[in-house]
Amino acid sequence: MAPSFSGASTGAPTGPPTSMPAAVPRPAPRGWTQGPTPDTVAEHLRSLELMITRRLDGVLHGNHQGLTPGHGSEPGESRQYQPGDDVRRIDWNVTARTNETFVREQIADRDLLAWLVVDVSATMNFGTEANDKAQTAMAAAATVGFLTARAQNRLGAVLVAGPRIHVMQPRAGKNQVRAILTSLASPPPAERLGRADLAGALDRVGAIATRRGFVAVVSDFAGDDWIEPLGRTGIRHEILAIPISDPRELDVPPIGLVELVDPATGRSREIRVTARVQRRYAEVAAEERERRLAGLRRSHAEVIELSTADDWLGSIVQHVQRKRVQAVRGGVMPR
């Protein structure tokens, strides 16, 4: 959630305070990172990969551990039923037309096509803990990416920095994950260029990914223009939404006079944060969070809420473990 200036009539802010001055000059235009990975970024990515891999190896076992467990998620060709086939996979449409029993083959999850949609816009540069939202988003993307790579899935990415959208075509292997993370580590400047075009990124995935697959969306999900595109994407694909937040976006202490700056638009406002304003701020922030979660639920997305103050890797691993238990107990693909 970025600072907004259309808040309640009480004058309460609807976003986090930041120390960024209002008169920051606009940086020179720069595109997405190209060429070899800088040494400092490469070292950071190696450390991140090592940390994630050690944690995953400690809690996840097996040769094909992806994010969507089960026998398969992509319908394949139909064939005649043979003794021993799972009756839950009977293709009733073909059976009715032919008067013979047919079952629907399924493509294994390790052949799943996965996409990452990651928001690294200006509003993601806010943080009051050890990491900011952009760093937490990159860590979440790395976890999803390396989980995908373990199962030999192909992984593509659509990266969003304000109005700029960058598409990376799907490829298999850890080198693809590292390439995506390198682009995430050095996105083009997005300050004062407007809100993230998350809706456009989701529509881009829908246009490119014609085969049913898996889409993970990592963003702070500011605004509501992403709800309909996410719903359209969810019709064909399994959706995992990872909203990123910071504690100060939900509550701000009564610290007196502060200046709030919207990094997406550059608009600023001074406000005196009193106990009354603090209460109203928390109410508006809670309402915004509920609207965001309601929009995600309408899109039938699985949701993992991450905070800059929490154990992001533990939250993702717990989600994966929980879905695997549900798949084993239920005997069906979890939605």
# chains A, B, ... in the order shown; residues from 1 in each chain; ligands from 1
call {"tool": "select_by_dssp", "arguments": {"residues": "range 183-291 of chain A", "states": "strand (DSSP E or B)", "output": "short mmCIF file (atom, residue, chain, number, x, y, z; two decimals) with N, CA, C and O atoms, in the first residue's frame"}}
result
data_model
loop_
_atom_site.label_atom_id
_atom_site.label_comp_id
_atom_site.auth_asym_id
_atom_site.auth_seq_id
_atom_site.Cartn_x
_atom_site.Cartn_y
_atom_site.Cartn_z
N PHE A 214 0.82 -22.55 -14.10
CA PHE A 214 0.86 -22.00 -12.74
C PHE A 214 1.43 -20.59 -12.81
O PHE A 214 2.44 -20.35 -13.47
N VAL A 215 0.76 -19.64 -12.14
CA VAL A 215 1.18 -18.24 -12.15
C VAL A 215 1.28 -17.76 -10.70
O VAL A 215 0.31 -17.83 -9.95
N ALA A 216 2.47 -17.30 -10.31
CA ALA A 216 2.68 -16.71 -8.99
C ALA A 216 2.81 -15.20 -9.16
O ALA A 216 3.62 -14.73 -9.98
N VAL A 217 2.01 -14.44 -8.42
CA VAL A 217 2.00 -12.99 -8.52
C VAL A 217 2.50 -12.41 -7.21
O VAL A 217 1.91 -12.66 -6.15
N VAL A 218 3.59 -11.65 -7.27
CA VAL A 218 4.21 -11.06 -6.08
C VAL A 218 4.11 -9.55 -6.19
O VAL A 218 4.69 -8.95 -7.10
N SER A 219 3.38 -8.91 -5.28
CA SER A 219 3.14 -7.48 -5.37
C SER A 219 2.57 -6.98 -4.05
O SER A 219 2.20 -7.78 -3.17
N GLU A 238 -3.59 -22.01 -12.43
CA GLU A 238 -3.54 -22.01 -10.97
C GLU A 238 -2.81 -20.74 -10.54
O GLU A 238 -1.72 -20.44 -11.04
N ILE A 239 -3.40 -19.99 -9.60
CA ILE A 239 -2.84 -18.71 -9.18
C ILE A 239 -2.36 -18.79 -7.74
O ILE A 239 -3.09 -19.25 -6.86
N LEU A 240 -1.15 -18.34 -7.51
CA LEU A 240 -0.62 -18.13 -6.16
C LEU A 240 -0.32 -16.64 -6.02
O LEU A 240 0.53 -16.10 -6.72
N ALA A 241 -1.05 -15.97 -5.14
CA ALA A 241 -0.86 -14.54 -4.91
C ALA A 241 -0.05 -14.36 -3.62
O ALA A 241 -0.38 -14.94 -2.59
N ILE A 242 1.01 -13.54 -3.71
CA ILE A 242 1.87 -13.28 -2.56
C ILE A 242 1.88 -11.77 -2.31
O ILE A 242 2.72 -11.04 -2.84
N PRO A 243 0.92 -11.27 -1.53
CA PRO A 243 0.92 -9.84 -1.19
C PRO A 243 2.01 -9.52 -0.16
O PRO A 243 2.17 -10.24 0.82
N ILE A 244 2.75 -8.45 -0.41
CA ILE A 244 3.84 -8.01 0.47
C ILE A 244 3.42 -6.74 1.19
O ILE A 244 2.89 -5.81 0.56
N SER A 245 3.66 -6.68 2.49
CA SER A 245 3.32 -5.49 3.25
C SER A 245 4.41 -5.20 4.27
O SER A 245 5.31 -6.01 4.50
N GLY A 256 3.88 12.64 15.76
CA GLY A 256 3.85 14.08 15.52
C GLY A 256 3.83 14.42 14.05
O GLY A 256 3.29 13.68 13.22
N LEU A 257 4.44 15.54 13.70
CA LEU A 257 4.39 16.05 12.33
C LEU A 257 5.34 15.25 11.43
O LEU A 257 6.53 15.12 11.71
N VAL A 258 4.79 14.71 10.34
CA VAL A 258 5.58 13.96 9.36
C VAL A 258 5.16 14.38 7.96
O VAL A 258 4.09 14.95 7.76
N GLU A 259 6.02 14.10 7.02
CA GLU A 259 5.71 14.34 5.61
C GLU A 259 5.56 13.00 4.91
O GLU A 259 6.45 12.14 4.99
N LEU A 260 4.44 12.82 4.25
CA LEU A 260 4.17 11.60 3.50
C LEU A 260 4.38 11.89 2.01
O LEU A 260 3.94 12.92 1.51
N VAL A 261 5.04 10.97 1.35
CA VAL A 261 5.30 11.11 -0.08
C VAL A 261 4.85 9.85 -0.80
O VAL A 261 5.17 8.74 -0.36
N SER A 268 3.09 14.91 -2.17
CA SER A 268 3.47 14.89 -0.76
C SER A 268 2.42 15.61 0.08
O SER A 268 1.63 16.42 -0.43
N ARG A 269 2.46 15.29 1.37
CA ARG A 269 1.51 15.93 2.29
C ARG A 269 2.08 15.85 3.70
O ARG A 269 2.56 14.80 4.13
N GLU A 270 2.01 16.96 4.41
CA GLU A 270 2.40 16.99 5.81
C GLU A 270 1.18 16.73 6.68
O GLU A 270 0.09 17.24 6.41
N ILE A 271 1.37 15.95 7.73
CA ILE A 271 0.26 15.64 8.63
C ILE A 271 0.80 15.41 10.03
O ILE A 271 1.92 14.89 10.19
N ARG A 272 0.04 15.80 11.01
CA ARG A 272 0.42 15.57 12.40
C ARG A 272 -0.27 14.29 12.87
O ARG A 272 -1.49 14.21 12.96
N VAL A 273 0.53 13.28 13.16
CA VAL A 273 0.01 11.98 13.56
C VAL A 273 -0.24 11.99 15.06
O VAL A 273 0.70 11.93 15.87
#
call {"tool": "residues_around", "arguments": {"residues": "Gly145 in chain A", "least_positions_apart": "5", "cutoff": "10 Å", "atoms": "only C-alpha atoms", "output": "NGL selection string"}}
result
:A and (66-67 or 114-116 or 139-140 or 150 or 153-157 or 173-174 or 176-178 or 180-181 or 216)
call {"tool": "write_last_selection", "arguments": {"atoms": "N, CA and C atoms", "output": "CSV table (one decimal), in the first residue's frame"}}
result
chain,number,residue,atom,x,y,z
A,66,GLY,N,7.3,-29.6,-6.5
A,66,GLY,CA,6.9,-28.3,-7.1
A,66,GLY,C,6.0,-27.6,-6.2
A,67,LEU,N,5.3,-26.6,-6.7
A,67,LEU,CA,4.4,-25.9,-5.9
A,67,LEU,C,2.9,-26.4,-6.0
A,114,ALA,N,5.4,-22.6,-15.6
A,114,ALA,CA,5.2,-21.7,-14.5
A,114,ALA,C,5.6,-20.3,-14.9
A,115,TRP,N,4.9,-19.3,-14.3
A,115,TRP,CA,5.1,-17.9,-14.6
A,115,TRP,C,5.3,-17.2,-13.3
A,116,LEU,N,6.2,-16.2,-13.2
A,116,LEU,CA,6.3,-15.3,-12.1
A,116,LEU,C,5.9,-13.9,-12.6
A,139,ALA,N,13.0,-12.2,-2.7
A,139,ALA,CA,13.2,-13.4,-1.9
A,139,ALA,C,12.0,-14.4,-2.2
A,140,ALA,N,10.8,-13.9,-2.2
A,140,ALA,CA,9.7,-14.7,-2.5
A,140,ALA,C,9.7,-15.3,-3.9
A,150,ARG,N,13.5,-27.2,-9.2
A,150,ARG,CA,13.7,-28.5,-8.7
A,150,ARG,C,12.9,-29.6,-9.4
A,153,ASN,N,10.5,-27.8,-14.1
A,153,ASN,CA,9.5,-27.1,-14.9
A,153,ASN,C,10.2,-25.9,-15.6
A,154,ARG,N,9.5,-25.5,-16.6
A,154,ARG,CA,9.9,-24.2,-17.3
A,154,ARG,C,9.3,-23.0,-16.6
A,155,LEU,N,10.1,-22.0,-16.4
A,155,LEU,CA,9.7,-20.8,-15.7
A,155,LEU,C,9.9,-19.6,-16.6
A,156,GLY,N,8.9,-18.8,-16.7
A,156,GLY,CA,8.9,-17.5,-17.4
A,156,GLY,C,8.6,-16.4,-16.4
A,157,ALA,N,8.8,-15.2,-16.8
A,157,ALA,CA,8.6,-14.0,-15.8
A,157,ALA,C,8.1,-12.8,-16.6
A,173,GLY,N,15.6,-24.8,-15.6
A,173,GLY,CA,16.9,-24.8,-15.0
A,173,GLY,C,17.1,-23.6,-14.0
A,174,LYS,N,18.1,-23.8,-13.2
A,174,LYS,CA,18.4,-22.7,-12.2
A,174,LYS,C,19.0,-21.5,-12.8
A,176,GLN,N,17.9,-20.0,-15.4
A,176,GLN,CA,16.8,-19.1,-15.7
A,176,GLN,C,16.3,-18.4,-14.4
A,177,VAL,N,16.3,-19.1,-13.3
A,177,VAL,CA,15.9,-18.4,-12.1
A,177,VAL,C,16.9,-17.3,-11.7
A,178,ARG,N,18.2,-17.6,-11.9
A,178,ARG,CA,19.2,-16.5,-11.6
A,178,ARG,C,19.1,-15.3,-12.5
A,180,ILE,N,16.3,-14.2,-13.9
A,180,ILE,CA,15.1,-13.5,-13.5
A,180,ILE,C,15.5,-12.6,-12.2
A,181,LEU,N,16.2,-13.2,-11.3
A,181,LEU,CA,16.5,-12.5,-10.1
A,181,LEU,C,17.5,-11.4,-10.3
A,216,ALA,N,2.5,-17.3,-10.3
A,216,ALA,CA,2.7,-16.7,-9.0
A,216,ALA,C,2.8,-15.2,-9.2
call {"tool": "closest_atom_pairs", "arguments": {"of": "range 125-182 of chain A", "to": "range 305-315 of chain A", "cutoff": "7 Å", "atoms": "only C-alpha atoms", "output": "tab-separated table"}}
result
residue	atom	partner	partner_atom	distance
A:Gly127	CA	A:Thr308	CA	7.0
A:Glu129	CA	A:Ala309	CA	5.9
A:Asn131	CA	A:Thr308	CA	5.9
A:Asp132	CA	A:Thr308	CA	6.2
A:Lys133	CA	A:Thr308	CA	6.2
A:Thr136	CA	A:Thr308	CA	6.3
A:Ala140	CA	A:Trp312	CA	7.0
call {"tool": "atom_distance", "arguments": {"atom1": "CA of Ser183 in chain A", "atom2": "CA of Arg236 in chain A"}}
result
27.1 Å
call {"tool": "residues_around", "arguments": {"residues": "range 284-286 of chain A", "least_positions_apart": "3", "cutoff": "7 Å", "atoms": "only C-alpha atoms", "output": "ChimeraX atom specification"}}
result
/A:14,249-250,280-281,289-290
call {"tool": "residues_around", "arguments": {"residues": "Met138 in chain A", "least_positions_apart": "3", "cutoff": "7 Å", "atoms": "only C-alpha atoms", "output": "PyMOL selection string"}}
result
chain A and resi 134-135+141-142+181+184
call {"tool": "atom_distance", "arguments": {"atom1": "CA of Leu112 in chain A", "atom2": "CA of Ala172 in chain A"}}
result
10.6 Å
call {"tool": "residues_around", "arguments": {"residues": "Phe221 in chain A", "least_positions_apart": "3", "cutoff": "9 Å", "atoms": "only C-alpha atoms", "output": "ChimeraX atom specification"}}
result
/A:1,119,196,198,218,224,226,243-244,292
call {"tool": "write_last_selection", "arguments": {"atoms": "N, CA, C and O atoms", "output": "PDB file, in the first residue's frame"}}
result
ATOM      1  N   MET A   1       0.853  -1.183   0.000  1.00  0.00           N
ATOM      2  CA  MET A   1       0.000   0.000   0.000  1.00  0.00           C
ATOM      3  C   MET A   1       0.888   1.232   0.000  1.00  0.00           C
ATOM      4  O   MET A   1       1.715   1.411   0.867  1.00  0.00           O
ATOM      5  N   ASP A 119       6.198  -7.434  -9.024  1.00  0.00           N
ATOM      6  CA  ASP A 119       6.088  -5.976  -8.999  1.00  0.00           C
ATOM      7  C   ASP A 119       7.292  -5.396  -8.260  1.00  0.00           C
ATOM      8  O   ASP A 119       7.511  -5.692  -7.085  1.00  0.00           O
ATOM      9  N   ALA A 196       1.997   0.880 -10.596  1.00  0.00           N
ATOM     10  CA  ALA A 196       2.421  -0.324 -11.291  1.00  0.00           C
ATOM     11  C   ALA A 196       1.328  -0.810 -12.232  1.00  0.00           C
ATOM     12  O   ALA A 196       0.143  -0.855 -11.853  1.00  0.00           O
ATOM     13  N   LEU A 198       0.118  -3.570 -13.013  1.00  0.00           N
ATOM     14  CA  LEU A 198      -0.047  -4.985 -12.707  1.00  0.00           C
ATOM     15  C   LEU A 198      -1.125  -5.610 -13.583  1.00  0.00           C
ATOM     16  O   LEU A 198      -1.005  -6.771 -13.993  1.00  0.00           O
ATOM     17  N   VAL A 218       3.594 -11.646  -7.269  1.00  0.00           N
ATOM     18  CA  VAL A 218       4.214 -11.062  -6.077  1.00  0.00           C
ATOM     19  C   VAL A 218       4.114  -9.547  -6.192  1.00  0.00           C
ATOM     20  O   VAL A 218       4.693  -8.947  -7.098  1.00  0.00           O
ATOM     21  N   ASP A 224      -7.096  -1.381  -7.261  1.00  0.00           N
ATOM     22  CA  ASP A 224      -7.986  -2.508  -7.533  1.00  0.00           C
ATOM     23  C   ASP A 224      -8.130  -2.823  -9.015  1.00  0.00           C
ATOM     24  O   ASP A 224      -8.949  -3.660  -9.399  1.00  0.00           O
ATOM     25  N   TRP A 226      -6.246  -4.534 -10.784  1.00  0.00           N
ATOM     26  CA  TRP A 226      -5.696  -5.864 -11.073  1.00  0.00           C
ATOM     27  C   TRP A 226      -6.726  -6.974 -10.858  1.00  0.00           C
ATOM     28  O   TRP A 226      -6.489  -8.127 -11.260  1.00  0.00           O
ATOM     29  N   PRO A 243       0.918 -11.271  -1.529  1.00  0.00           N
ATOM     30  CA  PRO A 243       0.922  -9.841  -1.190  1.00  0.00           C
ATOM     31  C   PRO A 243       2.008  -9.524  -0.162  1.00  0.00           C
ATOM     32  O   PRO A 243       2.172 -10.241   0.823  1.00  0.00           O
ATOM     33  N   ILE A 244       2.748  -8.446  -0.406  1.00  0.00           N
ATOM     34  CA  ILE A 244       3.841  -8.014   0.467  1.00  0.00           C
ATOM     35  C   ILE A 244       3.416  -6.736   1.190  1.00  0.00           C
ATOM     36  O   ILE A 244       2.885  -5.809   0.564  1.00  0.00           O
ATOM     37  N   ARG A 292      -8.355  -5.995  -0.387  1.00  0.00           N
ATOM     38  CA  ARG A 292      -7.343  -6.695  -1.182  1.00  0.00           C
ATOM     39  C   ARG A 292      -7.539  -8.212  -1.096  1.00  0.00           C
ATOM     40  O   ARG A 292      -7.531  -8.910  -2.123  1.00  0.00           O
TER      41      ARG A 292
END
call {"tool": "residues_around", "arguments": {"residues": "Asp86 in chain A", "least_positions_apart": "4", "cutoff": "10 Å", "atoms": "only C-alpha atoms", "output": "ChimeraX atom specification"}}
result
/A:81-82,90,103-104
